[in-house]
>>> print(open('input-v7.cif').read())   # mmCIF, C-alpha atoms
data_structure
loop_
_atom_site.group_PDB
_atom_site.id
_atom_site.type_symbol
_atom_site.label_atom_id
_atom_site.label_comp_id
_atom_site.auth_asym_id
_atom_site.auth_seq_id
_atom_site.Cartn_x
_atom_site.Cartn_y
_atom_site.Cartn_z
ATOM 1 C CA MET A 3 43.236 67.612 77.298
ATOM 2 C CA GLY A 4 40.247 66.759 79.452
ATOM 3 C CA THR A 5 40.088 65.247 82.901
ATOM 4 C CA PRO A 6 37.843 62.540 84.386
ATOM 5 C CA LEU A 7 35.992 65.231 86.335
ATOM 6 C CA GLY A 8 35.465 67.453 83.306
ATOM 7 C CA ASP A 9 34.431 64.525 81.135
ATOM 8 C CA PHE A 10 31.804 63.474 83.672
ATOM 9 C CA VAL A 11 30.333 66.968 84.099
ATOM 10 C CA ARG A 12 30.142 67.479 80.338
ATOM 11 C CA ALA A 13 28.662 64.022 79.682
ATOM 12 C CA LYS A 14 26.057 64.471 82.394
ATOM 13 C CA ARG A 15 25.163 67.974 81.173
ATOM 14 C CA ASP A 16 24.712 66.655 77.635
ATOM 15 C CA SER A 17 22.348 63.953 78.898
ATOM 16 C CA ILE A 18 19.936 66.330 80.660
ATOM 17 C CA GLN A 19 17.093 68.033 78.842
ATOM 18 C CA PRO A 20 16.297 71.565 80.117
ATOM 19 C CA GLU A 21 12.628 70.762 80.690
ATOM 20 C CA ALA A 22 13.614 67.973 83.098
ATOM 21 C CA LEU A 23 14.945 70.676 85.431
ATOM 22 C CA GLY A 24 12.064 73.064 84.860
ATOM 23 C CA LEU A 25 14.045 75.285 82.501
ATOM 24 C CA PRO A 26 12.521 76.863 79.385
ATOM 25 C CA GLU A 27 13.406 75.537 75.962
ATOM 26 C CA ARG A 28 15.727 78.037 74.278
ATOM 27 C CA GLY A 29 15.222 76.931 70.694
ATOM 28 C CA ARG A 30 17.254 74.703 68.426
ATOM 29 C CA ARG A 31 20.915 74.072 69.200
ATOM 30 C CA ARG A 32 23.686 71.960 67.684
ATOM 31 C CA SER A 33 24.631 70.029 70.827
ATOM 32 C CA PRO A 34 22.220 68.024 73.000
ATOM 33 C CA GLY A 35 21.308 68.524 76.615
ATOM 34 C CA LEU A 36 21.647 71.353 79.088
ATOM 35 C CA ARG A 37 23.351 74.554 78.042
ATOM 36 C CA ARG A 38 26.563 75.438 79.824
ATOM 37 C CA LEU A 39 25.032 78.801 80.763
ATOM 38 C CA ASP A 40 22.069 77.135 82.467
ATOM 39 C CA LEU A 41 24.269 74.757 84.438
ATOM 40 C CA ALA A 42 26.587 77.572 85.508
ATOM 41 C CA ASN A 43 23.635 79.630 86.720
ATOM 42 C CA ARG A 44 22.197 76.700 88.676
ATOM 43 C CA ALA A 45 25.579 75.982 90.283
ATOM 44 C CA GLY A 46 26.326 79.628 91.045
ATOM 45 C CA VAL A 47 29.585 79.726 89.082
ATOM 46 C CA SER A 48 30.640 81.636 86.001
ATOM 47 C CA VAL A 49 30.373 80.131 82.534
ATOM 48 C CA GLU A 50 34.110 80.696 82.108
ATOM 49 C CA TYR A 51 34.892 78.718 85.255
ATOM 50 C CA LEU A 52 32.569 75.870 84.262
ATOM 51 C CA THR A 53 34.245 75.798 80.832
ATOM 52 C CA ARG A 54 37.672 75.482 82.477
ATOM 53 C CA ILE A 55 36.443 72.536 84.571
ATOM 54 C CA GLU A 56 34.895 70.746 81.587
ATOM 55 C CA GLN A 57 37.984 71.298 79.427
ATOM 56 C CA GLY A 58 40.379 70.180 82.167
ATOM 57 C CA ARG A 59 42.007 73.572 82.646
ATOM 58 C CA ASP A 60 40.886 73.759 86.283
ATOM 59 C CA ARG A 61 41.749 70.600 88.215
ATOM 60 C CA ASN A 62 41.104 71.740 91.772
ATOM 61 C CA PRO A 63 37.518 72.922 92.273
ATOM 62 C CA SER A 64 36.592 73.423 95.898
ATOM 63 C CA VAL A 65 34.348 71.020 97.789
ATOM 64 C CA ALA A 66 31.652 73.709 97.683
ATOM 65 C CA VAL A 67 31.848 73.902 93.881
ATOM 66 C CA VAL A 68 31.743 70.097 93.512
ATOM 67 C CA ASN A 69 28.666 69.955 95.746
ATOM 68 C CA ALA A 70 27.064 72.825 93.835
ATOM 69 C CA LEU A 71 27.610 71.010 90.540
ATOM 70 C CA ALA A 72 26.097 67.847 92.032
ATOM 71 C CA ASP A 73 23.033 69.832 93.103
ATOM 72 C CA ALA A 74 22.770 71.622 89.776
ATOM 73 C CA LEU A 75 22.934 68.343 87.852
ATOM 74 C CA SER A 76 20.440 66.687 90.250
ATOM 75 C CA LEU A 77 22.802 63.746 90.795
ATOM 76 C CA ASP A 78 21.634 60.733 92.748
ATOM 77 C CA PRO A 79 23.738 59.453 95.702
ATOM 78 C CA ALA A 80 25.807 57.044 93.591
ATOM 79 C CA GLU A 81 26.541 59.725 91.002
ATOM 80 C CA ARG A 82 27.491 62.201 93.753
ATOM 81 C CA ALA A 83 29.956 59.707 95.201
ATOM 82 C CA HIS A 84 31.443 59.163 91.746
ATOM 83 C CA LEU A 85 31.719 62.930 91.180
ATOM 84 C CA ARG A 86 33.591 63.358 94.477
ATOM 85 C CA TYR A 87 35.952 60.527 93.569
ATOM 86 C CA LEU A 88 36.683 62.022 90.153
ATOM 87 C CA ALA A 89 37.342 65.406 91.776
ATOM 88 C CA LYS A 90 39.827 63.690 94.093
ATOM 89 C CA ILE A 91 41.845 61.963 91.377
ATOM 90 C CA THR A 92 41.632 64.943 89.024
ATOM 91 C CA GLY A 93 43.074 67.159 91.743
ATOM 92 C CA GLY A 94 46.143 64.982 92.024
ATOM 93 C CA GLU A 95 45.502 63.377 95.375
ATOM 94 C CA CYS A 96 46.034 60.016 93.677
ATOM 95 C CA VAL A 97 49.200 60.097 91.599
ATOM 96 C CA ALA A 98 49.645 57.445 88.949
ATOM 97 C CA HIS A 99 52.838 55.352 88.783
ATOM 98 C CA PRO A 100 53.996 53.772 85.518
ATOM 99 C CA ARG A 101 54.724 50.371 87.115
ATOM 100 C CA PRO A 102 52.339 49.853 90.009
ATOM 101 C CA ALA A 103 52.521 46.951 92.414
ATOM 102 C CA PRO A 104 49.844 44.406 91.515
ATOM 103 C CA PRO A 105 46.643 44.521 93.566
ATOM 104 C CA ARG A 106 46.311 42.126 96.473
ATOM 105 C CA ARG A 107 45.265 38.688 95.225
ATOM 106 C CA GLU A 108 45.335 36.836 98.537
ATOM 107 C CA VAL A 109 41.958 36.353 100.185
ATOM 108 C CA ARG A 110 41.882 36.516 103.969
ATOM 109 C CA PRO A 111 41.221 33.225 105.786
ATOM 110 C CA ALA A 112 38.103 34.703 107.406
ATOM 111 C CA VAL A 113 36.728 35.617 103.977
ATOM 112 C CA LEU A 114 37.505 32.146 102.619
ATOM 113 C CA GLU A 115 35.712 30.634 105.606
ATOM 114 C CA THR A 116 32.709 32.841 104.871
ATOM 115 C CA LEU A 117 32.804 31.599 101.287
ATOM 116 C CA ARG A 118 32.817 27.994 102.523
ATOM 117 C CA LEU A 119 29.770 28.674 104.659
ATOM 118 C CA LEU A 120 27.963 29.956 101.570
ATOM 119 C CA GLU A 121 28.227 26.570 99.812
ATOM 120 C CA PRO A 122 26.308 25.321 97.922
ATOM 121 C CA GLY A 123 25.449 28.893 96.995
ATOM 122 C CA LEU A 124 26.835 30.945 94.123
ATOM 123 C CA ALA A 125 29.511 33.260 95.499
ATOM 124 C CA LEU A 126 32.910 34.678 94.578
ATOM 125 C CA VAL A 127 35.558 37.103 95.780
ATOM 126 C CA THR A 128 36.629 39.666 93.223
ATOM 127 C CA ASN A 129 37.991 43.172 92.874
ATOM 128 C CA ARG A 130 36.899 46.125 90.769
ATOM 129 C CA LEU A 131 39.348 45.200 88.025
ATOM 130 C CA GLY A 132 37.329 42.026 87.517
ATOM 131 C CA ASP A 133 39.873 39.557 88.939
ATOM 132 C CA ILE A 134 38.121 36.450 90.278
ATOM 133 C CA LEU A 135 40.163 35.585 93.372
ATOM 134 C CA ALA A 136 38.093 32.764 94.906
ATOM 135 C CA ARG A 137 34.756 31.117 94.201
ATOM 136 C CA THR A 138 32.458 28.458 95.538
ATOM 137 C CA GLY A 139 32.088 25.112 93.821
ATOM 138 C CA ALA A 140 28.557 26.095 92.829
ATOM 139 C CA TYR A 141 29.859 29.206 91.033
ATOM 140 C CA GLU A 142 32.410 27.042 89.233
ATOM 141 C CA ALA A 143 29.637 24.658 88.241
ATOM 142 C CA LEU A 144 27.648 27.577 86.865
ATOM 143 C CA MET A 145 30.483 29.231 84.925
ATOM 144 C CA GLY A 146 32.624 26.199 84.139
ATOM 145 C CA GLY A 147 31.343 25.824 80.587
ATOM 146 C CA THR A 148 31.256 29.506 79.631
ATOM 147 C CA GLY A 149 34.976 30.170 79.145
ATOM 148 C CA LEU A 150 35.147 32.674 82.000
ATOM 149 C CA LEU A 151 37.173 30.355 84.232
ATOM 150 C CA ASP A 152 39.455 28.942 81.523
ATOM 151 C CA ALA A 153 42.329 31.330 82.268
ATOM 152 C CA GLU A 154 44.818 30.638 85.044
ATOM 153 C CA ALA A 155 43.857 33.982 86.586
ATOM 154 C CA PRO A 156 40.245 34.595 85.461
ATOM 155 C CA ASN A 157 39.200 38.196 84.917
ATOM 156 C CA LEU A 158 35.581 39.104 84.252
ATOM 157 C CA THR A 159 36.337 42.461 82.620
ATOM 158 C CA ARG A 160 38.767 40.943 80.138
ATOM 159 C CA TYR A 161 36.302 38.143 79.415
ATOM 160 C CA VAL A 162 33.407 40.524 78.778
ATOM 161 C CA PHE A 163 35.332 42.630 76.267
ATOM 162 C CA THR A 164 37.572 40.082 74.529
ATOM 163 C CA ASP A 165 35.817 36.684 74.541
ATOM 164 C CA PRO A 166 33.004 36.282 71.966
ATOM 165 C CA ARG A 167 31.309 33.795 74.286
ATOM 166 C CA ALA A 168 30.537 36.622 76.718
ATOM 167 C CA ARG A 169 28.081 38.214 74.296
ATOM 168 C CA GLU A 170 26.168 34.971 74.120
ATOM 169 C CA LEU A 171 26.298 34.336 77.868
ATOM 170 C CA PHE A 172 25.131 37.746 79.046
ATOM 171 C CA ALA A 173 21.672 38.461 77.693
ATOM 172 C CA ASP A 174 22.176 42.143 78.580
ATOM 173 C CA TRP A 175 25.774 42.351 77.411
ATOM 174 C CA ASP A 176 25.750 46.135 76.988
ATOM 175 C CA ALA A 177 24.648 46.655 80.602
ATOM 176 C CA VAL A 178 27.300 44.238 81.899
ATOM 177 C CA ALA A 179 29.959 45.947 79.763
ATOM 178 C CA ASP A 180 28.916 49.329 81.193
ATOM 179 C CA GLU A 181 29.279 47.931 84.722
ATOM 180 C CA GLN A 182 32.739 46.507 84.145
ATOM 181 C CA ALA A 183 34.065 49.674 82.493
ATOM 182 C CA PHE A 184 32.597 51.877 85.228
ATOM 183 C CA ASP A 185 34.090 49.726 88.001
ATOM 184 C CA LEU A 186 37.611 50.406 86.743
ATOM 185 C CA TRP A 187 37.272 53.882 88.265
ATOM 186 C CA LEU A 188 36.853 52.136 91.623
ATOM 187 C CA GLY A 189 39.794 49.747 91.262
ATOM 188 C CA PRO A 190 42.209 48.817 94.043
ATOM 189 C CA SER A 191 44.179 51.959 93.180
ATOM 190 C CA VAL A 192 44.293 54.564 90.445
ATOM 191 C CA GLU A 193 47.638 53.106 89.357
ATOM 192 C CA ASN A 194 46.199 49.597 88.999
ATOM 193 C CA SER A 195 43.183 50.858 87.067
ATOM 194 C CA GLU A 196 45.274 52.921 84.659
ATOM 195 C CA TRP A 197 47.697 50.047 84.048
ATOM 196 C CA PHE A 198 44.896 47.545 83.461
ATOM 197 C CA THR A 199 43.033 49.958 81.169
ATOM 198 C CA ALA A 200 46.158 50.589 79.093
ATOM 199 C CA GLU A 201 46.770 46.840 78.776
ATOM 200 C CA LEU A 202 43.185 45.991 77.829
ATOM 201 C CA ALA A 203 42.371 48.876 75.475
ATOM 202 C CA PRO A 204 44.378 47.665 72.422
ATOM 203 C CA VAL A 205 42.712 44.245 72.397
ATOM 204 C CA ALA A 206 39.233 45.243 73.597
ATOM 205 C CA GLY A 207 38.753 48.041 71.061
ATOM 206 C CA ALA A 208 36.055 50.696 70.846
ATOM 207 C CA ASP A 209 33.470 48.714 72.810
ATOM 208 C CA PHE A 210 35.761 49.198 75.803
ATOM 209 C CA THR A 211 37.405 52.577 75.192
ATOM 210 C CA GLY A 212 34.096 54.195 74.239
ATOM 211 C CA ARG A 213 32.721 53.376 77.686
ATOM 212 C CA LEU A 214 35.628 54.581 79.796
ATOM 213 C CA ASN A 215 34.610 58.235 79.974
ATOM 214 C CA ARG A 216 30.868 57.751 79.716
ATOM 215 C CA HIS A 217 30.466 58.039 83.514
ATOM 216 C CA VAL A 218 26.943 56.673 83.666
ATOM 217 C CA VAL A 219 26.462 54.973 87.037
ATOM 218 C CA PRO A 220 25.122 51.484 86.194
ATOM 219 C CA ALA A 221 21.797 50.332 87.613
ATOM 220 C CA ARG A 222 23.012 46.748 88.295
ATOM 221 C CA GLY A 223 19.676 45.037 87.865
ATOM 222 C CA VAL A 224 18.965 41.321 87.594
ATOM 223 C CA LEU A 225 21.756 39.458 85.796
ATOM 224 C CA ARG A 226 20.321 37.438 82.908
ATOM 225 C CA LEU A 227 22.378 34.539 81.540
ATOM 226 C CA ARG A 228 21.892 32.421 78.430
ATOM 227 C CA HIS A 229 23.690 29.405 79.827
ATOM 228 C CA PRO A 230 25.427 26.923 77.473
ATOM 229 C CA SER A 231 23.234 24.191 78.982
ATOM 230 C CA GLY A 232 20.266 25.890 77.344
ATOM 231 C CA ALA A 233 18.852 27.315 80.562
ATOM 232 C CA GLY A 234 17.831 30.952 80.848
ATOM 233 C CA LEU A 235 18.963 32.150 84.276
ATOM 234 C CA ARG A 236 18.014 35.250 86.278
ATOM 235 C CA LEU A 237 20.260 36.139 89.221
ATOM 236 C CA ARG A 238 20.156 38.903 91.806
ATOM 237 C CA ARG A 239 23.512 40.183 93.062
ATOM 238 C CA GLN A 240 24.496 41.179 96.580
ATOM 239 C CA ALA A 241 27.990 42.583 97.187
ATOM 240 C CA LEU A 242 29.872 43.101 100.443
ATOM 241 C CA ASP A 243 32.918 45.373 100.261
ATOM 242 C CA ILE A 244 36.106 44.143 101.924
ATOM 243 C CA THR A 245 37.498 47.648 102.088
ATOM 244 C CA GLU A 246 40.883 46.943 103.630
ATOM 245 C CA ASP A 247 41.799 44.629 100.737
ATOM 246 C CA ALA A 248 39.921 46.485 97.970
ATOM 247 C CA GLN A 249 37.937 43.303 97.304
ATOM 248 C CA GLN A 250 34.291 42.295 97.231
ATOM 249 C CA LEU A 251 32.376 39.222 98.288
ATOM 250 C CA VAL A 252 29.599 38.819 95.721
ATOM 251 C CA VAL A 253 26.655 36.457 96.202
ATOM 252 C CA LEU A 254 24.373 35.506 93.310
ATOM 253 C CA LEU A 255 20.817 34.604 94.294
ATOM 254 C CA PRO A 256 18.309 32.904 91.964
ATOM 255 C CA ALA A 257 15.607 35.419 91.087
ATOM 256 C CA ASP A 258 12.978 32.761 90.399
ATOM 257 C CA GLU A 259 12.226 29.092 90.973
ATOM 258 C CA GLU A 260 13.217 28.052 87.450
ATOM 259 C CA THR A 261 16.685 29.524 87.962
ATOM 260 C CA ALA A 262 17.060 27.841 91.353
ATOM 261 C CA GLU A 263 16.220 24.462 89.831
ATOM 262 C CA ALA A 264 18.581 24.972 86.887
ATOM 263 C CA VAL A 265 21.454 25.977 89.180
ATOM 264 C CA GLU A 266 20.878 22.892 91.327
ATOM 265 C CA ARG A 267 21.012 20.666 88.223
ATOM 266 C CA LEU A 268 24.283 22.244 87.122
ATOM 267 C CA ARG A 269 25.811 21.857 90.578
ATOM 268 C CA ARG A 270 24.895 18.165 90.779
ATOM 269 C CA ALA A 271 26.128 17.476 87.252
ATOM 270 C CA ARG A 272 29.678 18.595 88.099
ATOM 271 C CA ARG A 273 31.790 17.021 90.807
ATOM 272 C CA LEU A 274 33.973 19.921 91.861
ATOM 273 C CA PRO A 275 35.873 20.973 94.977
ATOM 274 C CA ALA A 276 33.720 22.939 97.405
ATOM 275 C CA LEU A 277 35.952 26.007 97.163
ATOM 276 C CA ARG A 278 38.549 27.299 94.746
ATOM 277 C CA ALA A 279 40.962 30.075 95.737
ATOM 278 C CA ILE A 280 43.386 31.483 93.181
ATOM 279 C CA SER A 281 46.804 32.604 94.393
#
>>> encode(input="input-v7.cif", output="structure tokens")
Amino acid sequence: MGTPLGDFVRAKRDSIQPEALGLPERGRRRSPGLRRLDLANRAGVSVEYLTRIEQGRDRNPSVAVVNALADALSLDPAERAHLRYLAKITGGECVAHPRPAPPRREVRPAVLETLRLLEPGLALVTNRLGDILARTGAYEALMGGTGLLDAEAPNLTRYVFTDPRARELFADWDAVADEQAFDLWLGPSVENSEWFTAELAPVAGADFTGRLNRHVVPARGVLRLRHPSGAGLRLRRQALDITEDAQQLVVLLPADEETAEAVERLRRARRLPALRAIS
């Protein structure tokens, strides 16, 4: 049985071509990417030890080994941070519980006040599970006709993978799906993420489960929406971590003048409360 750490190392190794690292081509092979021997040599570990890590038989590599693997795989800063996190949970520092306490849903008054000050902008408070905990009236005006906010406790991850309307709304659905699946690794706790994943997997199917161990750090480019109103929207995203509550304040900024005008039309067309917090 593999581990998150081993799955990531193997997936990343398979995605790298030897020539990208200045290594000679060693002829045809059945599996893609970098050979285990080449990675072991670059990291300064034995092939046997690397095999144990990839297969989940070694769950406690040292910090030096984790850093050496990051160097050998030429990981960028985001990928390095993800590798360190996977090493942490694989080593047992975060122990799963079968019935975890639900993540914090209350939004601090200071954060709600910040959200009010952002009106009439597009902003929301969420967590890495995809729970939408509070949003501005402008965000509600934008998403009110998409189905995302229909549930009593809206969840973006569940919407992306189980609501057919999401595939029409998100012009780059695959990229958004990759983001939501990846973010589950960064949930409020390992216990929450595992519980949510187990609950969602049976209804979301292979589109969801096939992404869970892919471990490709998403680029998070411009968000493109095919809005039900007929407008094509392009939005830039800025996120501020609220670390103590494992939440994020996310602001969506129009990426062009056409989007800004379309958002303003949607906001004026709906008479909504300035702020909506979900308890």
>>> closest_atom_pairs(input="input-v7.cif", of="segment 177-213 of chain A", to="segment 136-157 of chain A", cutoff="12 Å", atoms="only C-alpha atoms", output="JSON lines")
{"residue": "A:Gln182", "atom": "CA", "partner": "A:Asn157", "partner_atom": "CA", "distance": 10.6}
{"residue": "A:Phe198", "atom": "CA", "partner": "A:Asn157", "partner_atom": "CA", "distance": 11.0}
{"residue": "A:Leu202", "atom": "CA", "partner": "A:Asn157", "partner_atom": "CA", "distance": 11.3}
>>> atom_distance(input="input-v7.cif", atom1="atom CA of Asn129 of chain A", atom2="atom CA of Thr211 of chain A")
20.0 Å
>>> residues_around(input="input-v7.cif", residues="Ala83 of chain A", least_positions_apart="6", cutoff="12 Å", atoms="all atoms listed in the file", output="list of chain:residue names")
A:Val68, A:Asn69, A:Ala72, A:Leu77, A:Ala89, A:Lys90, A:Trp187, A:Leu188, A:His217, A:Val219
>>> write_last_selection(input="input-v7.cif", atoms="C-alpha atoms", output="short mmCIF file (atom, residue, chain, number, x, y, z; two decimals), keeping the file's coordinate frame")
data_model
loop_
_atom_site.label_atom_id
_atom_site.label_comp_id
_atom_site.auth_asym_id
_atom_site.auth_seq_id
_atom_site.Cartn_x
_atom_site.Cartn_y
_atom_site.Cartn_z
CA VAL A 68 31.74 70.10 93.51
CA ASN A 69 28.67 69.96 95.75
CA ALA A 72 26.10 67.85 92.03
CA LEU A 77 22.80 63.75 90.80
CA ALA A 89 37.34 65.41 91.78
CA LYS A 90 39.83 63.69 94.09
CA TRP A 187 37.27 53.88 88.26
CA LEU A 188 36.85 52.14 91.62
CA HIS A 217 30.47 58.04 83.51
CA VAL A 219 26.46 54.97 87.04
#
>>> closest_residue(input="input-v7.cif", among="A:Leu237, A:Ala103, A:Val11, A:Leu225", to="Asn194 of chain A", atoms="only C-alpha atoms")
A:Ala103
>>> closest_residue(input="input-v7.cif", among="A:Val205, A:Leu75, A:Ile18, A:Leu135", to="Leu117 of chain A", atoms="all atoms listed in the file")
A:Leu135
>>> resolve_selection(input="input-v7.cif", expression="the PyMOL selection byres ((chain A and resi 167-175) around 7)", output="list in words")
Thr148, Tyr161, Val162, Asp165, Pro166, Asp176, Ala177, Val178, Ala179, Arg226, Leu227, Arg228 and His229 of chain A
>>> write_last_selection(input="input-v7.cif", atoms="C-alpha atoms", output="short mmCIF file (atom, residue, chain, number, x, y, z; two decimals), in the frame of the given file")
data_model
loop_
_atom_site.label_atom_id
_atom_site.label_comp_id
_atom_site.auth_asym_id
_atom_site.auth_seq_id
_atom_site.Cartn_x
_atom_site.Cartn_y
_atom_site.Cartn_z
CA THR A 148 31.26 29.51 79.63
CA TYR A 161 36.30 38.14 79.42
CA VAL A 162 33.41 40.52 78.78
CA ASP A 165 35.82 36.68 74.54
CA PRO A 166 33.00 36.28 71.97
CA ASP A 176 25.75 46.14 76.99
CA ALA A 177 24.65 46.66 80.60
CA VAL A 178 27.30 44.24 81.90
CA ALA A 179 29.96 45.95 79.76
CA ARG A 226 20.32 37.44 82.91
CA LEU A 227 22.38 34.54 81.54
CA ARG A 228 21.89 32.42 78.43
CA HIS A 229 23.69 29.40 79.83
#
>>> residues_around(input="input-v7.cif", residues="Leu251 of chain A", least_positions_apart="6", cutoff="10 Å", atoms="all atoms listed in the file", output="PyMOL selection string")
chain A and resi 113-114+116-117+125-129+135-137+240-244
>>> closest_residue(input="input-v7.cif", among="A:Arg118, A:Arg59, A:Arg54, A:Arg15", to="Leu41 of chain A", atoms="all atoms listed in the file")
A:Arg15
>>> resolve_selection(input="input-v7.cif", expression="the PyMOL selection byres ((chain A and resi 36) around 10)", output="VMD selection string")
chain A and resid 12 14 to 23 25 27 33 to 35 37 to 41 75
>>> atom_distance(input="input-v7.cif", atom1="atom CA of Gly232 of chain A", atom2="atom CA of Phe163 of chain A")
22.5 Å
>>> closest_residue(input="input-v7.cif", among="A:Val224, A:Ala80, A:Ser231, A:Leu71", to="Pro256 of chain A", atoms="all atoms listed in the file")
A:Val224
>>> atom_distance(input="input-v7.cif", atom1="atom CA of Leu7 of chain A", atom2="atom CA of Val192 of chain A")
14.1 Å
>>> axis_aligned_box(input="input-v7.cif", around="segment 79-92 of chain A", padding_each_side="8 Å", output="lines of an AutoDock Vina configuration file")
center_x = 32.8
center_y = 61.2
center_z = 92.4
size_x = 34.1
size_y = 24.4
size_z = 22.7
>>> closest_residue(input="input-v7.cif", among="A:Leu235, A:Ala221, A:Leu124, A:Ala70", to="Val252 of chain A", atoms="all atoms listed in the file")
A:Leu124
>>> residues_around(input="input-v7.cif", residues="Pro190 of chain A", least_positions_apart="4", cutoff="10 Å", atoms="all atoms listed in the file", output="VMD selection string")
chain A and resid 104 to 106 129 to 131 186 194 to 195 245 to 249
>>> closest_residue(input="input-v7.cif", among="A:Pro122, A:Gly132, A:Pro204, A:Gly212", to="Arg267 of chain A", atoms="all atoms listed in the file")
A:Pro122
>>> residues_near_point(input="input-v7.cif", point="(38.6, 70.3, 86.7)", cutoff="8 Å", atoms="all atoms listed in the file", output="list in words")
Thr5, Leu7, Gly8, Arg54, Ile55, Glu56, Gln57, Gly58, Arg59, Asp60, Arg61, Asn62, Pro63, Ala89, Thr92 and Gly93 of chain A
>>> build_atoms(input="input-v7.cif", residues="segment 41-55 of chain A", atoms="N, CA, C and O atoms", output="short mmCIF file (atom, residue, chain, number, x, y, z; two decimals), in the frame of the given file")
data_model
loop_
_atom_site.label_atom_id
_atom_site.label_comp_id
_atom_site.auth_asym_id
_atom_site.auth_seq_id
_atom_site.Cartn_x
_atom_site.Cartn_y
_atom_site.Cartn_z
N LEU A 41 23.63 75.49 83.35
CA LEU A 41 24.27 74.76 84.44
C LEU A 41 25.08 75.69 85.33
O LEU A 41 25.04 75.58 86.56
N ALA A 42 25.80 76.62 84.71
CA ALA A 42 26.59 77.57 85.51
C ALA A 42 25.69 78.40 86.42
O ALA A 42 26.01 78.61 87.60
N ASN A 43 24.56 78.84 85.90
CA ASN A 43 23.64 79.63 86.72
C ASN A 43 23.09 78.79 87.88
O ASN A 43 22.97 79.29 89.01
N ARG A 44 22.74 77.55 87.62
CA ARG A 44 22.20 76.70 88.68
C ARG A 44 23.25 76.40 89.75
O ARG A 44 22.92 76.27 90.93
N ALA A 45 24.51 76.30 89.34
CA ALA A 45 25.58 75.98 90.28
C ALA A 45 26.15 77.21 90.96
O ALA A 45 26.92 77.09 91.92
N GLY A 46 25.80 78.40 90.45
CA GLY A 46 26.33 79.63 91.04
C GLY A 46 27.78 79.90 90.71
O GLY A 46 28.52 80.48 91.51
N VAL A 47 28.22 79.45 89.53
CA VAL A 47 29.58 79.73 89.08
C VAL A 47 29.51 80.42 87.73
O VAL A 47 28.45 80.44 87.08
N SER A 48 30.62 80.97 87.30
CA SER A 48 30.64 81.64 86.00
C SER A 48 30.73 80.61 84.88
O SER A 48 31.23 79.49 85.07
N VAL A 49 30.27 81.00 83.71
CA VAL A 49 30.37 80.13 82.53
C VAL A 49 31.84 79.85 82.23
O VAL A 49 32.21 78.72 81.87
N GLU A 50 32.69 80.87 82.38
CA GLU A 50 34.11 80.70 82.11
C GLU A 50 34.72 79.64 83.03
O GLU A 50 35.49 78.79 82.58
N TYR A 51 34.34 79.68 84.31
CA TYR A 51 34.89 78.72 85.26
C TYR A 51 34.39 77.31 84.95
O TYR A 51 35.16 76.34 84.98
N LEU A 52 33.11 77.17 84.62
CA LEU A 52 32.57 75.87 84.26
C LEU A 52 33.26 75.33 83.02
O LEU A 52 33.57 74.13 82.93
N THR A 53 33.54 76.20 82.04
CA THR A 53 34.24 75.80 80.83
C THR A 53 35.63 75.27 81.17
O THR A 53 36.07 74.25 80.62
N ARG A 54 36.33 75.94 82.09
CA ARG A 54 37.67 75.48 82.48
C ARG A 54 37.61 74.10 83.12
O ARG A 54 38.46 73.26 82.87
N ILE A 55 36.58 73.85 83.94
CA ILE A 55 36.44 72.54 84.57
C ILE A 55 36.19 71.47 83.51
O ILE A 55 36.82 70.42 83.49
#
